[in-house]
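Source file: model13.tsv. Holds: TSV, C-alpha atoms.
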```tsv
chain	number	residue	atom	x	y	z
A	6	MET	CA	-142.87	-76.33	-1.64
A	7	ASN	CA	-145.30	-77.72	-4.19
A	8	GLU	CA	-144.39	-80.20	-6.93
A	9	GLU	CA	-144.25	-77.50	-9.63
A	10	GLU	CA	-141.73	-75.39	-7.69
A	11	LYS	CA	-139.67	-78.46	-7.00
A	12	THR	CA	-139.54	-79.31	-10.69
A	13	VAL	CA	-138.41	-75.80	-11.66
A	14	ASN	CA	-135.69	-75.89	-8.99
A	15	GLU	CA	-134.44	-79.24	-10.27
A	16	LEU	CA	-134.37	-77.89	-13.82
A	17	LYS	CA	-132.44	-74.82	-12.66
A	18	MET	CA	-129.90	-77.05	-10.93
A	19	GLY	CA	-129.51	-78.97	-14.18
A	20	PHE	CA	-128.96	-75.72	-16.09
A	21	ILE	CA	-126.47	-74.24	-13.60
A	22	SER	CA	-124.48	-77.46	-13.25
A	23	SER	CA	-124.35	-77.82	-17.07
A	24	LEU	CA	-122.85	-74.36	-17.45
A	25	LEU	CA	-120.38	-74.79	-14.58
A	26	LEU	CA	-119.34	-78.20	-15.89
A	27	THR	CA	-118.64	-76.80	-19.35
A	28	ILE	CA	-116.70	-73.79	-18.08
A	29	SER	CA	-114.65	-75.72	-15.51
A	30	THR	CA	-113.77	-78.41	-18.07
A	31	ILE	CA	-112.59	-75.86	-20.63
A	32	VAL	CA	-110.43	-74.19	-17.96
A	33	VAL	CA	-108.93	-77.42	-16.66
A	34	PHE	CA	-108.31	-78.60	-20.23
A	35	GLY	CA	-106.30	-75.43	-20.86
A	36	PHE	CA	-104.19	-75.87	-17.72
A	37	ALA	CA	-103.63	-79.56	-18.44
A	38	MET	CA	-102.42	-78.80	-21.97
A	39	ILE	CA	-99.57	-76.66	-20.63
A	40	ALA	CA	-98.56	-79.34	-18.12
A	41	ILE	CA	-97.12	-81.78	-20.64
A	42	PRO	CA	-95.44	-84.59	-18.64
A	43	PRO	CA	-91.63	-84.20	-18.55
A	44	SER	CA	-91.34	-87.99	-18.73
A	45	GLY	CA	-92.71	-90.90	-20.70
A	46	PRO	CA	-93.68	-91.23	-24.38
A	47	TYR	CA	-94.99	-87.68	-24.89
A	48	CYS	CA	-92.13	-85.87	-23.15
A	49	PRO	CA	-91.01	-82.97	-25.40
A	50	GLY	CA	-87.43	-82.99	-24.10
A	51	ASN	CA	-85.24	-82.76	-20.98
A	52	CYS	CA	-87.14	-85.77	-19.64
A	53	MET	CA	-87.11	-87.16	-16.13
A	54	ASP	CA	-86.35	-90.81	-15.52
A	55	TYR	CA	-86.98	-93.14	-12.62
A	56	PRO	CA	-87.10	-92.36	-9.67
A	57	TYR	CA	-88.53	-88.95	-10.81
A	58	LEU	CA	-87.09	-87.02	-7.88
A	59	ASP	CA	-86.57	-83.87	-9.96
A	60	LEU	CA	-90.33	-83.28	-9.92
A	61	LEU	CA	-90.05	-80.20	-7.66
A	62	GLN	CA	-88.76	-78.14	-10.57
A	63	TYR	CA	-92.26	-78.52	-12.04
A	64	TYR	CA	-94.07	-77.65	-8.81
A	65	PRO	CA	-96.47	-75.92	-8.46
A	66	ARG	CA	-97.23	-74.93	-12.08
A	67	TYR	CA	-97.71	-78.53	-13.27
A	68	TYR	CA	-100.09	-79.21	-10.37
A	69	PHE	CA	-102.50	-76.28	-10.80
A	70	TRP	CA	-104.83	-78.26	-13.06
A	71	MET	CA	-105.42	-80.81	-10.28
A	72	TYR	CA	-106.95	-78.17	-8.02
A	73	ILE	CA	-109.30	-77.07	-10.81
A	74	VAL	CA	-110.23	-80.61	-11.81
A	75	SER	CA	-111.14	-81.34	-8.17
A	76	PHE	CA	-113.81	-78.63	-8.41
A	77	GLN	CA	-114.85	-79.90	-11.84
A	78	LEU	CA	-115.39	-83.42	-10.47
A	79	ILE	CA	-117.75	-82.15	-7.78
A	80	VAL	CA	-119.70	-80.20	-10.41
A	81	PHE	CA	-119.76	-83.34	-12.56
A	82	MET	CA	-121.38	-85.33	-9.76
A	83	VAL	CA	-123.94	-82.56	-9.12
A	84	PHE	CA	-124.72	-82.51	-12.86
A	85	VAL	CA	-125.37	-86.27	-12.90
A	86	ILE	CA	-127.55	-86.05	-9.79
A	87	ALA	CA	-129.55	-83.21	-11.35
A	88	ASN	CA	-130.14	-85.37	-14.41
A	89	HIS	CA	-131.37	-88.18	-12.19
A	90	PHE	CA	-133.99	-85.96	-10.54
A	91	ASN	CA	-135.10	-84.63	-13.92
A	92	ALA	CA	-135.35	-88.04	-15.60
A	93	VAL	CA	-138.81	-89.44	-16.31
A	94	LYS	CA	-139.91	-92.17	-13.92
A	95	ASN	CA	-139.35	-95.17	-16.21
A	96	LYS	CA	-135.78	-93.98	-16.95
A	97	LYS	CA	-134.66	-93.43	-13.37
A	98	ILE	CA	-133.08	-96.87	-13.14
A	99	TYR	CA	-130.51	-95.71	-15.71
A	100	SER	CA	-129.99	-92.31	-14.12
A	101	PHE	CA	-129.55	-93.92	-10.69
A	102	ILE	CA	-126.86	-96.23	-12.08
A	103	SER	CA	-125.13	-93.17	-13.57
A	104	VAL	CA	-125.29	-91.43	-10.17
A	105	SER	CA	-123.76	-94.47	-8.46
A	106	LEU	CA	-120.96	-94.66	-11.01
A	107	SER	CA	-120.35	-90.90	-10.75
A	108	VAL	CA	-119.88	-91.22	-6.98
A	109	ILE	CA	-117.28	-93.95	-7.51
A	110	THR	CA	-115.59	-91.97	-10.29
A	111	THR	CA	-115.43	-88.79	-8.23
A	112	THR	CA	-114.14	-90.62	-5.16
A	113	VAL	CA	-111.37	-92.41	-7.08
A	114	LEU	CA	-110.18	-89.32	-8.94
A	115	LEU	CA	-110.52	-86.83	-6.07
A	116	ALA	CA	-108.51	-89.08	-3.76
A	117	ASN	CA	-105.93	-89.56	-6.51
A	118	TYR	CA	-105.47	-85.83	-7.14
A	119	PHE	CA	-105.53	-84.86	-3.47
A	120	ILE	CA	-102.80	-87.35	-2.65
A	121	GLN	CA	-100.78	-86.14	-5.64
A	122	PHE	CA	-100.67	-82.45	-4.69
A	123	SER	CA	-100.80	-82.91	-0.91
A	124	VAL	CA	-98.42	-85.82	-0.35
A	125	VAL	CA	-95.89	-86.12	-3.18
A	126	PRO	CA	-94.32	-82.61	-3.30
A	127	ILE	CA	-93.97	-82.12	0.45
A	128	SER	CA	-92.51	-85.62	0.85
A	129	VAL	CA	-89.81	-84.86	-1.72
A	130	MET	CA	-89.17	-81.45	-0.10
A	131	LYS	CA	-88.49	-83.19	3.20
A	132	GLY	CA	-86.34	-85.87	1.62
A	133	GLN	CA	-88.90	-88.60	2.35
A	134	THR	CA	-88.63	-90.15	-1.09
A	135	GLU	CA	-89.30	-93.80	-0.35
A	136	GLY	CA	-92.38	-94.88	-2.32
A	137	ILE	CA	-92.56	-91.60	-4.31
A	138	PRO	CA	-91.76	-93.25	-7.68
A	139	LEU	CA	-94.88	-95.40	-7.31
A	140	LEU	CA	-97.09	-92.43	-6.38
A	141	THR	CA	-95.95	-89.64	-8.69
A	142	GLN	CA	-97.91	-88.64	-11.78
A	143	TYR	CA	-94.68	-88.85	-13.82
A	144	ASN	CA	-94.44	-92.62	-13.47
A	145	GLY	CA	-96.37	-94.06	-16.41
A	146	HIS	CA	-96.68	-97.38	-14.57
A	147	GLY	CA	-97.54	-95.90	-11.18
A	148	ILE	CA	-100.63	-95.71	-9.00
A	149	PHE	CA	-101.60	-92.23	-10.19
A	150	ILE	CA	-101.93	-93.25	-13.85
A	151	ALA	CA	-103.70	-96.52	-12.97
A	152	LEU	CA	-106.33	-94.69	-10.88
A	153	GLU	CA	-106.82	-92.10	-13.62
A	154	GLU	CA	-107.39	-94.89	-16.14
A	155	LEU	CA	-109.96	-96.47	-13.83
A	156	GLY	CA	-111.65	-93.14	-13.10
A	157	PHE	CA	-112.02	-92.10	-16.72
A	158	ILE	CA	-113.25	-95.52	-17.81
A	159	LEU	CA	-115.95	-95.24	-15.15
A	160	MET	CA	-116.73	-91.66	-16.24
A	161	SER	CA	-117.39	-92.87	-19.78
A	162	LEU	CA	-119.79	-95.47	-18.36
A	163	VAL	CA	-121.60	-92.72	-16.45
A	164	PHE	CA	-122.41	-91.06	-19.76
A	165	LEU	CA	-123.41	-94.37	-21.32
A	166	PHE	CA	-126.17	-94.88	-18.74
A	167	LEU	CA	-127.03	-91.19	-18.78
A	168	SER	CA	-127.70	-91.46	-22.51
A	169	GLN	CA	-130.65	-93.71	-21.76
A	170	ILE	CA	-132.64	-91.01	-19.95
A	171	PHE	CA	-133.16	-88.95	-23.10
A	172	VAL	CA	-136.34	-90.14	-24.81
A	173	GLY	CA	-135.54	-88.56	-28.18
A	174	LYS	CA	-138.56	-86.30	-28.52
A	175	ASN	CA	-136.61	-83.79	-30.61
A	176	VAL	CA	-133.28	-83.28	-32.39
A	177	LEU	CA	-131.60	-81.88	-29.26
A	178	GLU	CA	-132.49	-84.90	-27.10
A	179	ARG	CA	-131.52	-87.36	-29.83
A	180	THR	CA	-128.18	-85.59	-30.20
A	181	LEU	CA	-127.60	-85.66	-26.45
A	182	LYS	CA	-128.48	-89.34	-26.36
A	183	TRP	CA	-125.90	-90.27	-28.99
A	184	ILE	CA	-123.15	-87.97	-27.76
A	185	CYS	CA	-123.50	-89.38	-24.23
A	186	ALA	CA	-123.13	-92.90	-25.63
A	187	VAL	CA	-120.01	-92.16	-27.70
A	188	PRO	CA	-117.34	-91.71	-24.94
A	189	SER	CA	-117.72	-95.24	-23.54
A	190	VAL	CA	-117.28	-96.78	-27.00
A	191	LEU	CA	-114.21	-94.66	-27.80
A	192	VAL	CA	-112.63	-95.18	-24.37
A	193	ILE	CA	-113.07	-98.95	-24.51
A	194	LEU	CA	-111.72	-99.09	-28.08
A	195	SER	CA	-108.74	-96.97	-26.98
A	196	PHE	CA	-108.06	-99.30	-24.07
A	197	VAL	CA	-108.16	-102.33	-26.37
A	198	PHE	CA	-105.92	-100.62	-28.94
A	199	TYR	CA	-103.23	-99.50	-26.49
A	200	SER	CA	-103.34	-102.83	-24.64
A	201	ILE	CA	-102.81	-104.76	-27.88
A	202	GLN	CA	-100.18	-102.31	-29.13
A	203	TYR	CA	-98.15	-101.99	-25.93
A	204	GLY	CA	-99.46	-104.64	-23.52
A	205	LEU	CA	-98.85	-103.69	-19.90
A	206	ASP	CA	-96.26	-101.17	-21.06
A	207	ARG	CA	-98.89	-98.74	-22.40
A	208	ASP	CA	-97.48	-96.07	-20.05
A	209	TYR	CA	-99.83	-93.04	-19.85
A	210	ARG	CA	-100.87	-93.25	-23.53
A	211	PHE	CA	-104.33	-94.64	-22.80
A	212	GLU	CA	-104.80	-92.30	-19.84
A	213	VAL	CA	-104.24	-89.28	-22.11
A	214	ALA	CA	-106.67	-90.67	-24.70
A	215	ALA	CA	-109.37	-91.38	-22.09
A	216	ILE	CA	-109.08	-87.93	-20.51
A	217	THR	CA	-109.25	-86.23	-23.90
A	218	ILE	CA	-112.31	-88.23	-24.98
A	219	ASP	CA	-114.19	-87.69	-21.71
A	220	TRP	CA	-113.38	-83.98	-21.39
A	221	LEU	CA	-114.30	-83.19	-24.99
A	222	ALA	CA	-117.55	-85.09	-24.49
A	223	ILE	CA	-118.24	-83.19	-21.26
A	224	ILE	CA	-117.82	-79.83	-23.02
A	225	VAL	CA	-120.26	-80.76	-25.79
A	226	ILE	CA	-122.72	-82.45	-23.41
A	227	GLY	CA	-122.56	-79.51	-21.02
A	228	ILE	CA	-123.36	-76.99	-23.77
A	229	LEU	CA	-126.23	-79.06	-25.18
A	230	SER	CA	-127.59	-79.81	-21.70
A	231	SER	CA	-127.62	-76.13	-20.78
A	232	ILE	CA	-129.68	-75.43	-23.92
A	233	TYR	CA	-131.98	-78.34	-23.08
A	234	TYR	CA	-132.53	-77.23	-19.49
A	235	ARG	CA	-133.02	-73.62	-20.53
A	236	ARG	CA	-135.85	-74.73	-22.80
A	237	GLU	CA	-137.39	-76.90	-20.11
A	238	ILE	CA	-137.26	-74.04	-17.59
A	239	LYS	CA	-139.11	-71.78	-20.03
A	240	LYS	CA	-141.72	-74.50	-20.59
A	241	ALA	CA	-142.19	-74.96	-16.84
A	242	ALA	CA	-142.47	-71.18	-16.34
A	243	GLY	CA	-145.03	-70.94	-19.14
A	244	ASN	CA	-147.16	-73.67	-17.57
A	245	SER	CA	-147.15	-72.04	-14.15
```
Is it possible to express this structure as structure tokens?
Amino acid sequence: MNEEEKTVNELKMGFISSLLLTISTIVVFGFAMIAIPPSGPYCPGNCMDYPYLDLLQYYPRYYFWMYIVSFQLIVFMVFVIANHFNAVKNKKIYSFISVSLSVITTTVLLANYFIQFSVVPISVMKGQTEGIPLLTQYNGHGIFIALEELGFILMSLVFLFLSQIFVGKNVLERTLKWICAVPSVLVILSFVFYSIQYGLDRDYRFEVAAITIDWLAIIVIGILSSIYYRREIKKAAGNS
């Protein structure tokens, strides 16, 4: 494989991962919107309280989005890696940092979701409920929410470093650069706001804000990136 073929293949991976990331995020967003937590500050009614052992009445329909988001996270990591290989040489330090952070983000969130749909329901089904309140997604002060907060803070930082690889040669690249930088600012401001407003008792309020910010950013970034990579593929094909 010569260098030219390698470049085209890397561009194609960037294009494919951009499209898949956009589509999978839209789908998971839709499923997550219909899984409104039956507990905590945004509960619409008939809410569960500690120790949240009535969670089986929401299984499996309130867990479907976790299976989809697991696929989306893998695509997210592939997307970031593709950007690293397509970054110009003097920008690879930033893209490599974004790859490293994406690996941490994906590991934290994948483990969190896998434990949630593989451990919690079956444990409750078998009456093994000790420790479940700390693990379940319905506990706003539990491990699940804490790991989601961590994961989506890290995801916003992935985009912050990714923003530095776009050199701003045209309107599309300048737009991508700024949109990639926005999530980290909004997520950090949200964390500060909810921490000041509620202290440690912020429940899942910040988690919802961080997910919404990151997923909306992913959809926009994915669409713009697919356009960007499509153009670059045509340029590479024209130079061959």
**OP:** Please indicate the distance in Å from CA of Val192 in chain A to CA of Ile158 in chain A, rounded to one decimal place.
**Re:** 6.6 Å
Anything within 8 Å of (-108.4, -92.4, -23.4): list those residues as a short mmCIF file (atom, residue, chain, number, x, y, z; two decimals) with C-alpha atoms, in the frame of the given file, counting all atoms listed in the file and sticking to the file's coordinates.
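New file selection_17.cif:
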```
data_model
loop_
_atom_site.label_atom_id
_atom_site.label_comp_id
_atom_site.auth_asym_id
_atom_site.auth_seq_id
_atom_site.Cartn_x
_atom_site.Cartn_y
_atom_site.Cartn_z
CA GLU A 154 -107.39 -94.89 -16.14
CA PHE A 157 -112.02 -92.10 -16.72
CA LEU A 191 -114.21 -94.66 -27.80
CA VAL A 192 -112.63 -95.18 -24.37
CA SER A 195 -108.74 -96.97 -26.98
CA PHE A 196 -108.06 -99.30 -24.07
CA ARG A 210 -100.87 -93.25 -23.53
CA PHE A 211 -104.33 -94.64 -22.80
CA GLU A 212 -104.80 -92.30 -19.84
CA VAL A 213 -104.24 -89.28 -22.11
CA ALA A 214 -106.67 -90.67 -24.70
CA ALA A 215 -109.37 -91.38 -22.09
CA ILE A 216 -109.08 -87.93 -20.51
CA THR A 217 -109.25 -86.23 -23.90
CA ILE A 218 -112.31 -88.23 -24.98
CA ASP A 219 -114.19 -87.69 -21.71
#
```
Original post:
What's the 12 Å shell around Ile21 in chain A, counting only C-alpha atoms, without same-chain residues fewer than 5 positions away, as JSON, numbers by chain?
Top reply: {"A": [14, 15, 16, 26, 27, 28, 80, 81, 83, 84, 87, 88, 227, 228, 230, 231, 232, 233, 234, 235, 238]}
**OP:** Write out as a PyMOL selection string the residues lying within 12 Å of Val187 in chain A, counting only C-alpha atoms and excluding same-chain residues fewer than 5 positions away.
**Re:** chain A and resi 160-168+180-182+192-194+218-219+221-223+225-226
Residues of the last selection are to be written out with C-alpha atoms, as a PDB file, keeping the file's coordinate frame.
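Result written to result-v8.pdb:
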```
ATOM      1  CA  MET A 160    -116.730 -91.660 -16.240  1.00  0.00           C
ATOM      2  CA  SER A 161    -117.390 -92.870 -19.780  1.00  0.00           C
ATOM      3  CA  LEU A 162    -119.790 -95.470 -18.360  1.00  0.00           C
ATOM      4  CA  VAL A 163    -121.600 -92.720 -16.450  1.00  0.00           C
ATOM      5  CA  PHE A 164    -122.410 -91.060 -19.760  1.00  0.00           C
ATOM      6  CA  LEU A 165    -123.410 -94.370 -21.320  1.00  0.00           C
ATOM      7  CA  PHE A 166    -126.170 -94.880 -18.740  1.00  0.00           C
ATOM      8  CA  LEU A 167    -127.030 -91.190 -18.780  1.00  0.00           C
ATOM      9  CA  SER A 168    -127.700 -91.460 -22.510  1.00  0.00           C
ATOM     10  CA  THR A 180    -128.180 -85.590 -30.200  1.00  0.00           C
ATOM     11  CA  LEU A 181    -127.600 -85.660 -26.450  1.00  0.00           C
ATOM     12  CA  LYS A 182    -128.480 -89.340 -26.360  1.00  0.00           C
ATOM     13  CA  VAL A 192    -112.630 -95.180 -24.370  1.00  0.00           C
ATOM     14  CA  ILE A 193    -113.070 -98.950 -24.510  1.00  0.00           C
ATOM     15  CA  LEU A 194    -111.720 -99.090 -28.080  1.00  0.00           C
ATOM     16  CA  ILE A 218    -112.310 -88.230 -24.980  1.00  0.00           C
ATOM     17  CA  ASP A 219    -114.190 -87.690 -21.710  1.00  0.00           C
ATOM     18  CA  LEU A 221    -114.300 -83.190 -24.990  1.00  0.00           C
ATOM     19  CA  ALA A 222    -117.550 -85.090 -24.490  1.00  0.00           C
ATOM     20  CA  ILE A 223    -118.240 -83.190 -21.260  1.00  0.00           C
ATOM     21  CA  VAL A 225    -120.260 -80.760 -25.790  1.00  0.00           C
ATOM     22  CA  ILE A 226    -122.720 -82.450 -23.410  1.00  0.00           C
TER      23      ILE A 226
END
```
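Straight-line separation from CA of Thr134 in chain A to CA of Val33 in chain A: 28.6 Å.
CA of Leu159 in chain A lies 20.0 Å from CA of Phe171 in chain A.
Shortest atom-to-atom contact with Gly35 in chain A among A:Phe198, A:Phe90, A:Phe119, A:Tyr67: A:Tyr67, counting only C-alpha atoms.
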Original post:
Residues at most 6 Å from Met53 in chain A, counting all atoms listed in the file, excluding those fewer than 2 positions away in the same chain, as a ChimeraX atom specification?
Top reply: /A:43-44,57
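For Gly45 in chain A, the list of residues within 8 Å, based on only C-alpha atoms and with local chain neighbours fewer than 5 positions off taken out, reads Cys52, Tyr143, Asn144, Gly145, Asp208 and Tyr209 of chain A.
Nearest to Asp206 in chain A of all the residues A:Val85, A:Ala151, A:Leu140, A:Ile102 is A:Ala151, counting all atoms listed in the file.
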Should you be able to, write range 92-200 of chain A of this structure into a file that contains C-alpha atoms, as an mmCIF file, in the first residue's frame.
```
data_model
loop_
_atom_site.group_PDB
_atom_site.id
_atom_site.type_symbol
_atom_site.label_atom_id
_atom_site.label_comp_id
_atom_site.auth_asym_id
_atom_site.auth_seq_id
_atom_site.Cartn_x
_atom_site.Cartn_y
_atom_site.Cartn_z
ATOM 1 C CA ALA A 92 -4.384 15.451 11.423
ATOM 2 C CA VAL A 93 -1.407 17.355 10.023
ATOM 3 C CA LYS A 94 1.905 16.477 11.636
ATOM 4 C CA ASN A 95 2.285 19.559 13.845
ATOM 5 C CA LYS A 96 -1.240 19.028 15.254
ATOM 6 C CA LYS A 97 -0.888 15.361 16.150
ATOM 7 C CA ILE A 98 0.037 16.134 19.746
ATOM 8 C CA TYR A 99 -3.507 17.464 20.232
ATOM 9 C CA SER A 100 -5.165 14.623 18.350
ATOM 10 C CA PHE A 101 -3.157 12.059 20.334
ATOM 11 C CA ILE A 102 -4.331 13.626 23.603
ATOM 12 C CA SER A 103 -7.916 13.436 22.307
ATOM 13 C CA VAL A 104 -7.407 9.746 21.454
ATOM 14 C CA SER A 105 -6.058 9.041 24.945
ATOM 15 C CA LEU A 106 -8.990 10.822 26.571
ATOM 16 C CA SER A 107 -11.463 9.026 24.287
ATOM 17 C CA VAL A 108 -10.082 5.653 25.406
ATOM 18 C CA ILE A 109 -10.589 6.629 29.050
ATOM 19 C CA THR A 110 -14.060 8.023 28.311
ATOM 20 C CA THR A 111 -15.145 4.916 26.426
ATOM 21 C CA THR A 112 -13.769 2.579 29.090
ATOM 22 C CA VAL A 113 -15.506 4.407 31.943
ATOM 23 C CA LEU A 114 -18.879 4.659 30.216
ATOM 24 C CA LEU A 115 -18.882 1.196 28.610
ATOM 25 C CA ALA A 116 -18.092 -0.449 31.943
ATOM 26 C CA ASN A 117 -20.777 1.665 33.605
ATOM 27 C CA TYR A 118 -23.490 0.714 31.096
ATOM 28 C CA PHE A 119 -22.495 -2.951 30.911
ATOM 29 C CA ILE A 120 -22.697 -3.309 34.677
ATOM 30 C CA GLN A 121 -26.044 -1.510 34.690
ATOM 31 C CA PHE A 122 -27.833 -3.791 32.224
ATOM 32 C CA SER A 123 -25.942 -6.996 33.048
ATOM 33 C CA VAL A 124 -25.749 -6.885 36.837
ATOM 34 C CA VAL A 125 -28.536 -4.754 38.317
ATOM 35 C CA PRO A 126 -31.704 -6.322 36.799
ATOM 36 C CA ILE A 127 -30.703 -9.957 37.254
ATOM 37 C CA SER A 128 -29.580 -9.288 40.839
ATOM 38 C CA VAL A 129 -32.991 -7.830 41.690
ATOM 39 C CA MET A 130 -34.733 -10.726 39.889
ATOM 40 C CA LYS A 131 -32.871 -13.174 42.117
ATOM 41 C CA GLY A 132 -33.526 -11.176 45.260
ATOM 42 C CA GLN A 133 -29.847 -10.259 45.641
ATOM 43 C CA THR A 134 -30.560 -6.624 46.426
ATOM 44 C CA GLU A 135 -27.700 -5.758 48.752
ATOM 45 C CA GLY A 136 -25.696 -2.921 47.175
ATOM 46 C CA ILE A 137 -28.244 -2.349 44.371
ATOM 47 C CA PRO A 138 -29.250 1.152 45.585
ATOM 48 C CA LEU A 139 -25.652 2.295 45.122
ATOM 49 C CA LEU A 140 -25.389 0.788 41.617
ATOM 50 C CA THR A 141 -28.736 1.555 40.008
ATOM 51 C CA GLN A 142 -29.173 4.375 37.497
ATOM 52 C CA TYR A 143 -32.185 5.610 39.495
ATOM 53 C CA ASN A 144 -30.067 6.684 42.456
ATOM 54 C CA GLY A 145 -29.068 10.283 41.771
ATOM 55 C CA HIS A 146 -26.205 9.960 44.258
ATOM 56 C CA GLY A 147 -25.048 6.526 43.120
ATOM 57 C CA ILE A 148 -22.065 5.144 41.246
ATOM 58 C CA PHE A 149 -23.843 5.084 37.875
ATOM 59 C CA ILE A 150 -24.520 8.837 37.852
ATOM 60 C CA ALA A 151 -21.033 9.664 39.174
ATOM 61 C CA LEU A 152 -19.349 7.644 36.401
ATOM 62 C CA GLU A 153 -21.595 9.224 33.770
ATOM 63 C CA GLU A 154 -20.627 12.673 35.041
ATOM 64 C CA LEU A 155 -16.954 11.739 34.816
ATOM 65 C CA GLY A 156 -17.351 10.160 31.377
ATOM 66 C CA PHE A 157 -19.157 13.108 29.814
ATOM 67 C CA ILE A 158 -16.776 15.654 31.323
ATOM 68 C CA LEU A 159 -13.926 13.710 29.714
ATOM 69 C CA MET A 160 -15.851 13.496 26.425
ATOM 70 C CA SER A 161 -16.144 17.277 26.322
ATOM 71 C CA LEU A 162 -12.363 17.505 26.826
ATOM 72 C CA VAL A 163 -11.865 15.108 23.906
ATOM 73 C CA PHE A 164 -13.586 17.624 21.652
ATOM 74 C CA LEU A 165 -11.618 20.512 23.151
ATOM 75 C CA PHE A 166 -8.308 18.959 22.070
ATOM 76 C CA LEU A 167 -9.816 17.769 18.802
ATOM 77 C CA SER A 168 -10.707 21.374 17.983
ATOM 78 C CA GLN A 169 -7.012 22.171 17.757
ATOM 79 C CA ILE A 170 -6.401 19.927 14.739
ATOM 80 C CA PHE A 171 -8.489 22.088 12.414
ATOM 81 C CA VAL A 172 -6.245 24.751 10.891
ATOM 82 C CA GLY A 173 -9.085 27.016 9.764
ATOM 83 C CA LYS A 174 -8.361 27.090 6.045
ATOM 84 C CA ASN A 175 -12.039 27.610 5.211
ATOM 85 C CA VAL A 176 -15.427 28.309 6.796
ATOM 86 C CA LEU A 177 -16.145 24.607 7.378
ATOM 87 C CA GLU A 178 -12.909 24.005 9.301
ATOM 88 C CA ARG A 179 -13.308 27.193 11.332
ATOM 89 C CA THR A 180 -16.854 26.153 12.220
ATOM 90 C CA LEU A 181 -15.700 22.679 13.232
ATOM 91 C CA LYS A 182 -12.930 24.186 15.332
ATOM 92 C CA TRP A 183 -15.321 26.370 17.334
ATOM 93 C CA ILE A 184 -18.087 23.805 17.685
ATOM 94 C CA CYS A 185 -15.593 21.243 19.014
ATOM 95 C CA ALA A 186 -14.421 23.765 21.609
ATOM 96 C CA VAL A 187 -17.914 24.688 22.845
ATOM 97 C CA PRO A 188 -18.940 21.470 24.727
ATOM 98 C CA SER A 189 -16.090 21.644 27.252
ATOM 99 C CA VAL A 190 -16.934 25.248 28.141
ATOM 100 C CA LEU A 191 -20.654 24.516 28.533
ATOM 101 C CA VAL A 192 -20.093 21.291 30.491
ATOM 102 C CA ILE A 193 -17.678 22.953 32.916
ATOM 103 C CA LEU A 194 -20.019 25.932 33.382
ATOM 104 C CA SER A 195 -22.907 23.508 33.996
ATOM 105 C CA PHE A 196 -20.878 21.635 36.588
ATOM 106 C CA VAL A 197 -20.013 24.880 38.379
ATOM 107 C CA PHE A 198 -23.635 26.072 38.237
ATOM 108 C CA TYR A 199 -25.193 22.875 39.600
ATOM 109 C CA SER A 200 -22.462 22.505 42.232
#
```
